[in-house]
$ cat protein.csv   # CSV, C-alpha atoms
chain,number,residue,atom,x,y,z
N,1,MET,CA,25.9,105.7,-85.5
N,2,ASN,CA,26.5,109.4,-86.0
N,3,LYS,CA,25.2,109.9,-82.5
N,4,GLU,CA,28.0,107.6,-81.3
N,5,ILE,CA,30.7,109.6,-83.0
N,6,TYR,CA,29.4,113.0,-81.8
N,7,SER,CA,29.5,111.6,-78.2
N,8,ILE,CA,33.3,111.1,-78.4
N,9,ASN,CA,35.0,113.9,-76.6
N,10,ASN,CA,38.5,112.6,-76.6
N,11,GLY,CA,40.4,114.8,-79.0
N,12,TRP,CA,39.2,112.9,-82.1
N,13,ASN,CA,36.5,115.4,-83.0
N,14,SER,CA,38.3,117.1,-85.9
N,15,VAL,CA,38.9,113.9,-87.9
N,16,LEU,CA,35.8,111.9,-86.9
N,17,GLU,CA,33.2,114.6,-87.4
N,18,LYS,CA,34.7,115.4,-90.8
N,19,GLU,CA,34.1,111.7,-91.9
N,20,VAL,CA,30.5,111.7,-90.7
N,21,ASN,CA,29.6,114.4,-93.2
N,22,GLN,CA,31.0,112.5,-96.2
N,23,GLN,CA,28.8,110.7,-98.6
N,24,TYR,CA,30.5,107.3,-98.3
N,25,PHE,CA,30.0,107.4,-94.5
N,26,CYS,CA,26.3,108.3,-94.8
N,27,LYS,CA,25.9,105.3,-97.1
N,28,LEU,CA,27.8,103.1,-94.6
N,29,SER,CA,25.7,104.3,-91.7
N,30,ASP,CA,22.4,103.7,-93.6
N,31,TYR,CA,23.5,100.2,-94.7
N,32,LEU,CA,24.4,99.2,-91.1
N,33,LYS,CA,21.2,100.6,-89.7
N,34,LYS,CA,19.1,98.5,-92.2
N,35,ILE,CA,21.2,95.3,-91.9
N,36,ARG,CA,21.1,95.4,-88.1
N,37,GLU,CA,17.3,95.0,-88.3
N,38,LYS,CA,17.8,91.7,-90.2
N,39,LYS,CA,21.1,90.2,-89.0
N,40,ILE,CA,23.3,90.0,-86.0
N,41,ILE,CA,26.2,92.4,-86.3
N,42,PHE,CA,29.2,92.8,-84.1
N,43,PRO,CA,30.2,94.7,-82.0
N,44,LYS,CA,27.1,96.3,-80.5
N,45,ILE,CA,26.4,99.8,-81.9
N,46,GLU,CA,27.6,101.5,-78.7
N,47,ASP,CA,30.9,99.6,-78.9
N,48,VAL,CA,31.8,100.3,-82.6
N,49,PHE,CA,33.9,103.3,-81.8
N,50,SER,CA,35.3,102.1,-78.4
N,51,ALA,CA,38.9,102.4,-79.8
N,52,PHE,CA,38.4,106.2,-79.9
N,53,LYS,CA,36.4,106.5,-76.8
N,54,LEU,CA,39.1,104.8,-74.7
N,55,CYS,CA,42.3,106.2,-76.3
N,56,ASN,CA,42.7,109.9,-75.9
N,57,TYR,CA,44.0,111.5,-79.2
N,58,HIS,CA,46.3,113.9,-77.3
N,59,LYS,CA,47.9,110.9,-75.4
N,60,LEU,CA,48.3,108.7,-78.4
N,61,LYS,CA,51.6,106.8,-78.5
N,62,ILE,CA,50.9,103.5,-80.4
N,63,VAL,CA,48.5,102.3,-83.1
N,64,ILE,CA,47.9,98.6,-83.4
N,65,ILE,CA,46.0,97.7,-86.6
N,66,GLY,CA,43.8,94.6,-86.8
N,67,GLN,CA,41.6,93.1,-89.5
N,68,ASP,CA,38.0,93.1,-88.4
N,69,PRO,CA,36.1,92.3,-85.2
N,70,TYR,CA,35.7,88.8,-83.8
N,71,HIS,CA,32.5,87.3,-85.4
N,72,ASN,CA,31.2,85.0,-82.6
N,73,ILE,CA,28.7,85.9,-79.9
N,74,ASN,CA,30.0,87.9,-76.8
N,75,GLN,CA,33.5,88.4,-78.3
N,76,ALA,CA,33.9,91.8,-80.0
N,77,ASN,CA,34.1,94.9,-77.8
N,78,GLY,CA,35.2,97.5,-80.3
N,79,LEU,CA,39.0,97.2,-79.7
N,80,ALA,CA,41.2,95.3,-82.1
N,81,PHE,CA,42.1,91.9,-80.7
N,82,SER,CA,40.3,92.5,-77.5
N,83,THR,CA,37.4,90.5,-76.2
N,84,LYS,CA,34.8,90.4,-73.4
N,85,SER,CA,34.5,86.6,-73.7
N,86,LYS,CA,36.0,84.5,-70.9
N,87,LYS,CA,37.2,82.1,-73.5
N,88,LEU,CA,40.2,83.7,-75.3
N,89,PRO,CA,40.2,83.6,-79.1
N,90,PRO,CA,43.3,81.7,-80.5
N,91,THR,CA,44.7,84.9,-82.0
N,92,LEU,CA,44.7,86.7,-78.6
N,93,VAL,CA,46.2,83.6,-77.0
N,94,ASN,CA,49.1,83.9,-79.4
N,95,ILE,CA,49.4,87.7,-78.7
N,96,TYR,CA,49.6,86.8,-75.0
N,97,LYS,CA,52.2,84.1,-75.6
N,98,GLU,CA,54.4,86.6,-77.4
N,99,LEU,CA,53.8,89.2,-74.6
N,100,VAL,CA,54.8,86.7,-71.9
N,101,ASN,CA,57.9,85.6,-73.8
N,102,ASP,CA,58.9,89.1,-74.6
N,103,LEU,CA,58.4,90.8,-71.2
N,104,LYS,CA,58.6,87.7,-68.9
N,105,ILE,CA,55.3,88.7,-67.3
N,106,GLU,CA,52.3,86.7,-66.1
N,107,PHE,CA,49.9,85.3,-68.7
N,108,PRO,CA,46.8,87.6,-68.6
N,109,ARG,CA,43.7,86.1,-67.1
N,110,HIS,CA,41.2,88.0,-69.3
N,111,GLY,CA,40.9,89.3,-72.8
N,112,ASN,CA,39.9,92.9,-72.3
N,113,LEU,CA,42.6,95.3,-73.6
N,114,GLU,CA,41.0,98.5,-72.4
N,115,ASN,CA,43.9,99.2,-70.1
N,116,TRP,CA,46.2,99.4,-73.1
N,117,ALA,CA,43.8,101.8,-74.8
N,118,LYS,CA,43.6,104.1,-71.8
N,119,GLN,CA,47.5,104.3,-71.8
N,120,GLY,CA,47.5,105.7,-75.4
N,121,VAL,CA,47.3,102.6,-77.6
N,122,LEU,CA,44.8,102.9,-80.4
N,123,LEU,CA,43.5,99.3,-81.0
N,124,ILE,CA,41.8,99.8,-84.4
N,125,ASN,CA,40.6,97.3,-86.9
N,126,SER,CA,40.7,98.1,-90.6
N,127,VAL,CA,37.0,97.2,-90.6
N,128,LEU,CA,34.9,98.1,-87.6
N,129,THR,CA,31.9,95.7,-88.0
N,130,VAL,CA,31.2,92.2,-89.0
N,131,GLU,CA,28.3,89.8,-89.5
N,132,HIS,CA,27.8,86.9,-87.1
N,133,ASN,CA,29.9,83.9,-88.2
N,134,LYS,CA,31.1,85.7,-91.4
N,135,PRO,CA,34.6,87.1,-91.1
N,136,ASN,CA,35.4,89.8,-93.6
N,137,SER,CA,31.7,90.2,-94.4
N,138,HIS,CA,31.9,94.0,-94.1
N,139,GLN,CA,35.3,94.5,-95.8
N,140,HIS,CA,33.8,96.4,-98.8
N,141,ILE,CA,31.0,98.6,-97.2
N,142,GLY,CA,33.1,101.7,-96.5
N,143,TRP,CA,35.1,101.0,-93.4
N,144,GLN,CA,38.4,100.8,-95.2
N,145,LYS,CA,38.1,104.4,-96.4
N,146,PHE,CA,37.2,105.5,-92.9
N,147,THR,CA,40.2,103.8,-91.3
N,148,ASP,CA,42.5,104.9,-94.1
N,149,ASN,CA,41.5,108.5,-93.4
N,150,VAL,CA,42.0,108.1,-89.7
N,151,ILE,CA,45.5,106.6,-90.2
N,152,SER,CA,46.4,109.4,-92.7
N,153,TYR,CA,45.2,112.0,-90.3
N,154,ILE,CA,47.4,110.6,-87.5
N,155,SER,CA,50.4,110.3,-89.8
N,156,LYS,CA,50.0,113.9,-90.9
N,157,ASN,CA,49.2,115.6,-87.6
N,158,LYS,CA,51.3,113.6,-85.1
N,159,LYS,CA,55.0,112.8,-84.8
N,160,GLY,CA,56.8,109.8,-83.3
N,161,ILE,CA,53.8,107.5,-83.3
N,162,ILE,CA,54.6,103.7,-83.2
N,163,PHE,CA,52.5,101.8,-85.8
N,164,ILE,CA,52.4,98.1,-85.0
N,165,ILE,CA,51.5,96.2,-88.2
N,166,TRP,CA,50.4,92.6,-87.9
N,167,GLY,CA,49.4,90.8,-91.1
N,168,ASN,CA,48.5,91.8,-94.6
N,169,HIS,CA,45.4,93.8,-93.9
N,170,ALA,CA,47.4,96.0,-91.6
N,171,LYS,CA,50.2,96.2,-94.2
N,172,ASN,CA,47.8,97.8,-96.6
N,173,LYS,CA,47.9,100.9,-94.3
N,174,LEU,CA,51.7,101.3,-94.6
N,175,LYS,CA,51.3,103.5,-97.7
N,176,LEU,CA,49.4,106.0,-95.5
N,177,ILE,CA,52.2,106.3,-92.9
N,178,ASP,CA,55.0,108.8,-93.2
N,179,GLU,CA,57.9,106.6,-92.0
N,180,SER,CA,60.2,109.6,-91.9
N,181,LYS,CA,58.5,110.9,-88.8
N,182,HIS,CA,56.9,107.8,-87.4
N,183,HIS,CA,58.0,104.2,-86.4
N,184,THR,CA,56.7,101.0,-87.9
N,185,LEU,CA,57.0,97.5,-86.4
N,186,ILE,CA,56.0,94.8,-88.8
N,187,ALA,CA,55.2,91.1,-88.4
N,188,SER,CA,52.9,88.4,-89.6
N,189,HIS,CA,49.3,88.2,-88.2
N,190,PRO,CA,49.1,86.5,-84.8
N,191,SER,CA,46.5,84.0,-85.9
N,192,PRO,CA,47.3,80.3,-85.6
N,193,LEU,CA,47.7,80.2,-89.4
N,194,SER,CA,50.5,82.7,-89.6
N,195,ALA,CA,51.9,83.5,-86.2
N,196,TYR,CA,54.9,81.2,-86.7
N,197,ARG,CA,56.1,83.2,-89.7
N,198,SER,CA,57.3,86.3,-88.0
N,199,PHE,CA,55.0,87.2,-85.2
N,200,PHE,CA,56.4,84.9,-82.5
N,201,GLY,CA,59.7,86.4,-81.5
N,202,CYS,CA,58.9,89.9,-83.0
N,203,ARG,CA,59.2,91.5,-79.5
N,204,HIS,CA,57.0,94.4,-80.5
N,205,PHE,CA,56.0,95.1,-76.9
N,206,SER,CA,59.5,95.7,-75.6
N,207,LYS,CA,60.6,97.4,-78.8
N,208,SER,CA,57.7,99.8,-78.4
N,209,ASN,CA,58.7,100.7,-74.9
N,210,THR,CA,62.3,101.2,-76.0
N,211,ILE,CA,61.2,103.7,-78.6
N,212,LEU,CA,59.0,105.5,-76.1
N,213,ILE,CA,62.0,105.7,-73.7
N,214,SER,CA,64.1,107.3,-76.4
N,215,GLN,CA,61.3,109.9,-76.9
N,216,ARG,CA,61.2,110.5,-73.2
N,217,LYS,CA,57.6,109.3,-73.0
N,218,LYS,CA,56.1,107.1,-70.4
N,219,THR,CA,56.2,103.4,-71.3
N,220,ILE,CA,53.1,101.2,-71.7
N,221,ASN,CA,52.4,98.8,-68.9
N,222,TRP,CA,51.4,95.8,-71.0
N,223,GLN,CA,50.6,93.6,-68.0
N,224,LEU,CA,46.8,93.0,-67.8
$ encode --input "protein.csv" --output "structure tokens"
Amino acid sequence: MNKEIYSINNGWNSVLEKEVNQQYFCKLSDYLKKIREKKIIFPKIEDVFSAFKLCNYHKLKIVIIGQDPYHNINQANGLAFSTKSKKLPPTLVNIYKELVNDLKIEFPRHGNLENWAKQGVLLINSVLTVEHNKPNSHQHIGWQKFTDNVISYISKNKKGIIFIIWGNHAKNKLKLIDESKHHTLIASHPSPLSAYRSFFGCRHFSKSNTILISQRKKTINWQL
């Protein structure tokens, strides 16, 4: 797993390589190496850090924080809410419903969100791995500390980043964000269990672009 991090030449080196050398991350890495020999873990090891590989740190505009990867076969691809499966997970279907309603665009025909990442959207889960058919199974193995440190680093070293917070797991990261110099957009999680609370109608896609325009930055083309 360390090899995967050192291969990321996308501006993230200063924060990621620092984490690699910490004791908690060494334990996390060892644990995953052992458990992958016995159980099916998602995403594939080469996809675990896709969020960083695809989103250049120097072009970062938006951070969307998810919970943990999809836990069924051929779903997780290392980007929060994104999937390589032809069948869209219900949560992503709801995201697309809001996207279409907000921007009056075509409903996407696939679930791969790489194009968002390449435009400066960091799609990061709070936990980066999961066991097959066991959601939240890796919640307490060290990933929370890793993603906390990444969010803290962004908050400290960047300015004007838009943090999109969907659901309670993402809300736990709010304490790490300096809201005096960043923007936060908050709603319920887009899963079928909670999307009706405040996700539907939140208009976070258009609101994000409005903020980017006010910063004289290029907007995100959300159409997939």
$ residues_around --input "protein.csv" --residues "region 208-224 of chain N" --least-positions-apart "5" --cutoff "12 Å" --atoms "only C-alpha atoms" --output "VMD selection string"
chain N and resid 59 to 64 82 95 to 96 98 to 100 102 to 121 159 to 164 182 to 186 202 to 203
$ residues_around --input "protein.csv" --residues "Asn157 (chain N)" --least-positions-apart "5" --cutoff "12 Å" --atoms "all atoms listed in the file" --output "list in words"
Trp12, Ser14, Val15, Tyr57, His58, Leu60, Asn149, Val150, Ile151, Ser152, Ile177, Asp178, Lys181 and His182 of chain N
$ residues_around --input "protein.csv" --residues "region 65-76 of chain N" --least-positions-apart "4" --cutoff "10 Å" --atoms "only C-alpha atoms" --output "ChimeraX atom specification"
/N:40-44,47-48,80-89,91,111-112,122-139,143,147,151,163-171,173,189-190
$ atom_distance --input "protein.csv" --atom1 "CA of Asn77 (chain N)" --atom2 "CA of Lys18 (chain N)"
24.3 Å
$ atom_distance --input "protein.csv" --atom1 "CA of Glu46 (chain N)" --atom2 "CA of Asn9 (chain N)"
14.6 Å
$ atom_distance --input "protein.csv" --atom1 "CA of Lys53 (chain N)" --atom2 "CA of Ile8 (chain N)"
5.8 Å
$ closest_residue --input "protein.csv" --among "N:Phe146, N:Phe52, N:Phe199, N:Phe205" --to "Tyr24 (chain N)" --atoms "all atoms listed in the file"
N:Phe146
$ closest_residue --input "protein.csv" --among "N:Asn172, N:Lys145, N:Ser180, N:Asp30" --to "Lys158 (chain N)" --atoms "only C-alpha atoms"
N:Ser180
$ decode --input "protein.csv" --residues "region 45-78 of chain N" --atoms "N, CA and C atoms" --output "PDB file, in the first residue's frame"
ATOM      1  N   ILE N  45      -6.436  -2.978  -4.410  1.00  0.00           N
ATOM      2  CA  ILE N  45      -5.359  -2.214  -3.800  1.00  0.00           C
ATOM      3  C   ILE N  45      -4.881  -1.056  -4.678  1.00  0.00           C
ATOM      4  N   GLU N  46      -4.907  -1.257  -6.000  1.00  0.00           N
ATOM      5  CA  GLU N  46      -4.442  -0.197  -6.897  1.00  0.00           C
ATOM      6  C   GLU N  46      -5.437   0.957  -7.013  1.00  0.00           C
ATOM      7  N   ASP N  47      -6.659   0.752  -6.483  1.00  0.00           N
ATOM      8  CA  ASP N  47      -7.682   1.800  -6.560  1.00  0.00           C
ATOM      9  C   ASP N  47      -7.912   2.531  -5.243  1.00  0.00           C
ATOM     10  N   VAL N  48      -7.284   2.073  -4.161  1.00  0.00           N
ATOM     11  CA  VAL N  48      -7.555   2.639  -2.838  1.00  0.00           C
ATOM     12  C   VAL N  48      -7.350   4.153  -2.806  1.00  0.00           C
ATOM     13  N   PHE N  49      -6.301   4.640  -3.488  1.00  0.00           N
ATOM     14  CA  PHE N  49      -5.977   6.066  -3.444  1.00  0.00           C
ATOM     15  C   PHE N  49      -6.315   6.790  -4.748  1.00  0.00           C
ATOM     16  N   SER N  50      -7.296   6.265  -5.474  1.00  0.00           N
ATOM     17  CA  SER N  50      -7.686   6.876  -6.749  1.00  0.00           C
ATOM     18  C   SER N  50      -8.132   8.328  -6.604  1.00  0.00           C
ATOM     19  N   ALA N  51      -8.743   8.668  -5.477  1.00  0.00           N
ATOM     20  CA  ALA N  51      -9.199  10.048  -5.266  1.00  0.00           C
ATOM     21  C   ALA N  51      -8.039  11.032  -5.399  1.00  0.00           C
ATOM     22  N   PHE N  52      -6.866  10.625  -4.903  1.00  0.00           N
ATOM     23  CA  PHE N  52      -5.685  11.495  -4.959  1.00  0.00           C
ATOM     24  C   PHE N  52      -4.991  11.415  -6.317  1.00  0.00           C
ATOM     25  N   LYS N  53      -5.032  10.249  -6.911  1.00  0.00           N
ATOM     26  CA  LYS N  53      -4.386  10.077  -8.217  1.00  0.00           C
ATOM     27  C   LYS N  53      -5.075  10.898  -9.305  1.00  0.00           C
ATOM     28  N   LEU N  54      -6.393  11.028  -9.188  1.00  0.00           N
ATOM     29  CA  LEU N  54      -7.172  11.680 -10.245  1.00  0.00           C
ATOM     30  C   LEU N  54      -7.416  13.163 -10.004  1.00  0.00           C
ATOM     31  N   CYS N  55      -7.349  13.599  -8.752  1.00  0.00           N
ATOM     32  CA  CYS N  55      -7.596  15.006  -8.423  1.00  0.00           C
ATOM     33  C   CYS N  55      -6.278  15.674  -8.045  1.00  0.00           C
ATOM     34  N   ASN N  56      -5.804  16.558  -8.874  1.00  0.00           N
ATOM     35  CA  ASN N  56      -4.539  17.261  -8.619  1.00  0.00           C
ATOM     36  C   ASN N  56      -4.703  18.234  -7.451  1.00  0.00           C
ATOM     37  N   TYR N  57      -3.808  18.131  -6.482  1.00  0.00           N
ATOM     38  CA  TYR N  57      -3.872  18.987  -5.288  1.00  0.00           C
ATOM     39  C   TYR N  57      -3.854  20.469  -5.649  1.00  0.00           C
ATOM     40  N   HIS N  58      -3.050  20.835  -6.618  1.00  0.00           N
ATOM     41  CA  HIS N  58      -2.904  22.245  -6.989  1.00  0.00           C
ATOM     42  C   HIS N  58      -4.135  22.787  -7.708  1.00  0.00           C
ATOM     43  N   LYS N  59      -4.999  21.888  -8.205  1.00  0.00           N
ATOM     44  CA  LYS N  59      -6.218  22.307  -8.909  1.00  0.00           C
ATOM     45  C   LYS N  59      -7.474  22.056  -8.064  1.00  0.00           C
ATOM     46  N   LEU N  60      -7.265  21.698  -6.791  1.00  0.00           N
ATOM     47  CA  LEU N  60      -8.375  21.344  -5.914  1.00  0.00           C
ATOM     48  C   LEU N  60      -9.341  22.512  -5.713  1.00  0.00           C
ATOM     49  N   LYS N  61     -10.634  22.226  -5.922  1.00  0.00           N
ATOM     50  CA  LYS N  61     -11.675  23.242  -5.756  1.00  0.00           C
ATOM     51  C   LYS N  61     -12.743  22.804  -4.753  1.00  0.00           C
ATOM     52  N   ILE N  62     -13.085  21.514  -4.821  1.00  0.00           N
ATOM     53  CA  ILE N  62     -14.203  20.987  -4.039  1.00  0.00           C
ATOM     54  C   ILE N  62     -13.811  19.664  -3.392  1.00  0.00           C
ATOM     55  N   VAL N  63     -14.255  19.459  -2.164  1.00  0.00           N
ATOM     56  CA  VAL N  63     -14.074  18.174  -1.480  1.00  0.00           C
ATOM     57  C   VAL N  63     -15.457  17.617  -1.157  1.00  0.00           C
ATOM     58  N   ILE N  64     -15.768  16.441  -1.693  1.00  0.00           N
ATOM     59  CA  ILE N  64     -17.019  15.753  -1.353  1.00  0.00           C
ATOM     60  C   ILE N  64     -16.659  14.546  -0.485  1.00  0.00           C
ATOM     61  N   ILE N  65     -17.203  14.511   0.717  1.00  0.00           N
ATOM     62  CA  ILE N  65     -16.832  13.489   1.691  1.00  0.00           C
ATOM     63  C   ILE N  65     -17.923  12.419   1.794  1.00  0.00           C
ATOM     64  N   GLY N  66     -17.528  11.171   1.559  1.00  0.00           N
ATOM     65  CA  GLY N  66     -18.456  10.052   1.684  1.00  0.00           C
ATOM     66  C   GLY N  66     -18.190   9.251   2.947  1.00  0.00           C
ATOM     67  N   GLN N  67     -18.808   8.101   3.055  1.00  0.00           N
ATOM     68  CA  GLN N  67     -18.700   7.250   4.250  1.00  0.00           C
ATOM     69  C   GLN N  67     -17.617   6.182   4.074  1.00  0.00           C
ATOM     70  N   ASP N  68     -17.918   5.132   3.345  1.00  0.00           N
ATOM     71  CA  ASP N  68     -16.928   4.111   3.012  1.00  0.00           C
ATOM     72  C   ASP N  68     -17.297   3.535   1.643  1.00  0.00           C
ATOM     73  N   PRO N  69     -16.425   2.745   1.027  1.00  0.00           N
ATOM     74  CA  PRO N  69     -16.680   2.272  -0.349  1.00  0.00           C
ATOM     75  C   PRO N  69     -17.906   1.362  -0.449  1.00  0.00           C
ATOM     76  N   TYR N  70     -18.446   1.259  -1.646  1.00  0.00           N
ATOM     77  CA  TYR N  70     -19.490   0.275  -1.899  1.00  0.00           C
ATOM     78  C   TYR N  70     -18.922  -1.107  -1.589  1.00  0.00           C
ATOM     79  N   HIS N  71     -19.762  -2.000  -1.044  1.00  0.00           N
ATOM     80  CA  HIS N  71     -19.255  -3.268  -0.514  1.00  0.00           C
ATOM     81  C   HIS N  71     -19.646  -4.484  -1.334  1.00  0.00           C
ATOM     82  N   ASN N  72     -20.195  -4.263  -2.529  1.00  0.00           N
ATOM     83  CA  ASN N  72     -20.526  -5.394  -3.398  1.00  0.00           C
ATOM     84  C   ASN N  72     -19.514  -5.509  -4.542  1.00  0.00           C
ATOM     85  N   ILE N  73     -19.468  -6.662  -5.175  1.00  0.00           N
ATOM     86  CA  ILE N  73     -18.491  -6.943  -6.229  1.00  0.00           C
ATOM     87  C   ILE N  73     -18.658  -5.995  -7.420  1.00  0.00           C
ATOM     88  N   ASN N  74     -17.517  -5.543  -7.934  1.00  0.00           N
ATOM     89  CA  ASN N  74     -17.454  -4.674  -9.126  1.00  0.00           C
ATOM     90  C   ASN N  74     -18.162  -3.335  -8.951  1.00  0.00           C
ATOM     91  N   GLN N  75     -18.126  -2.797  -7.723  1.00  0.00           N
ATOM     92  CA  GLN N  75     -18.731  -1.483  -7.494  1.00  0.00           C
ATOM     93  C   GLN N  75     -17.677  -0.409  -7.196  1.00  0.00           C
ATOM     94  N   ALA N  76     -16.927  -0.588  -6.119  1.00  0.00           N
ATOM     95  CA  ALA N  76     -16.010   0.463  -5.656  1.00  0.00           C
ATOM     96  C   ALA N  76     -14.845   0.672  -6.615  1.00  0.00           C
ATOM     97  N   ASN N  77     -14.528   1.954  -6.870  1.00  0.00           N
ATOM     98  CA  ASN N  77     -13.368   2.267  -7.708  1.00  0.00           C
ATOM     99  C   ASN N  77     -12.415   3.279  -7.072  1.00  0.00           C
ATOM    100  N   GLY N  78     -12.588   3.513  -5.766  1.00  0.00           N
ATOM    101  CA  GLY N  78     -11.672   4.394  -5.052  1.00  0.00           C
ATOM    102  C   GLY N  78     -12.118   5.838  -4.956  1.00  0.00           C
TER     103      GLY N  78
END
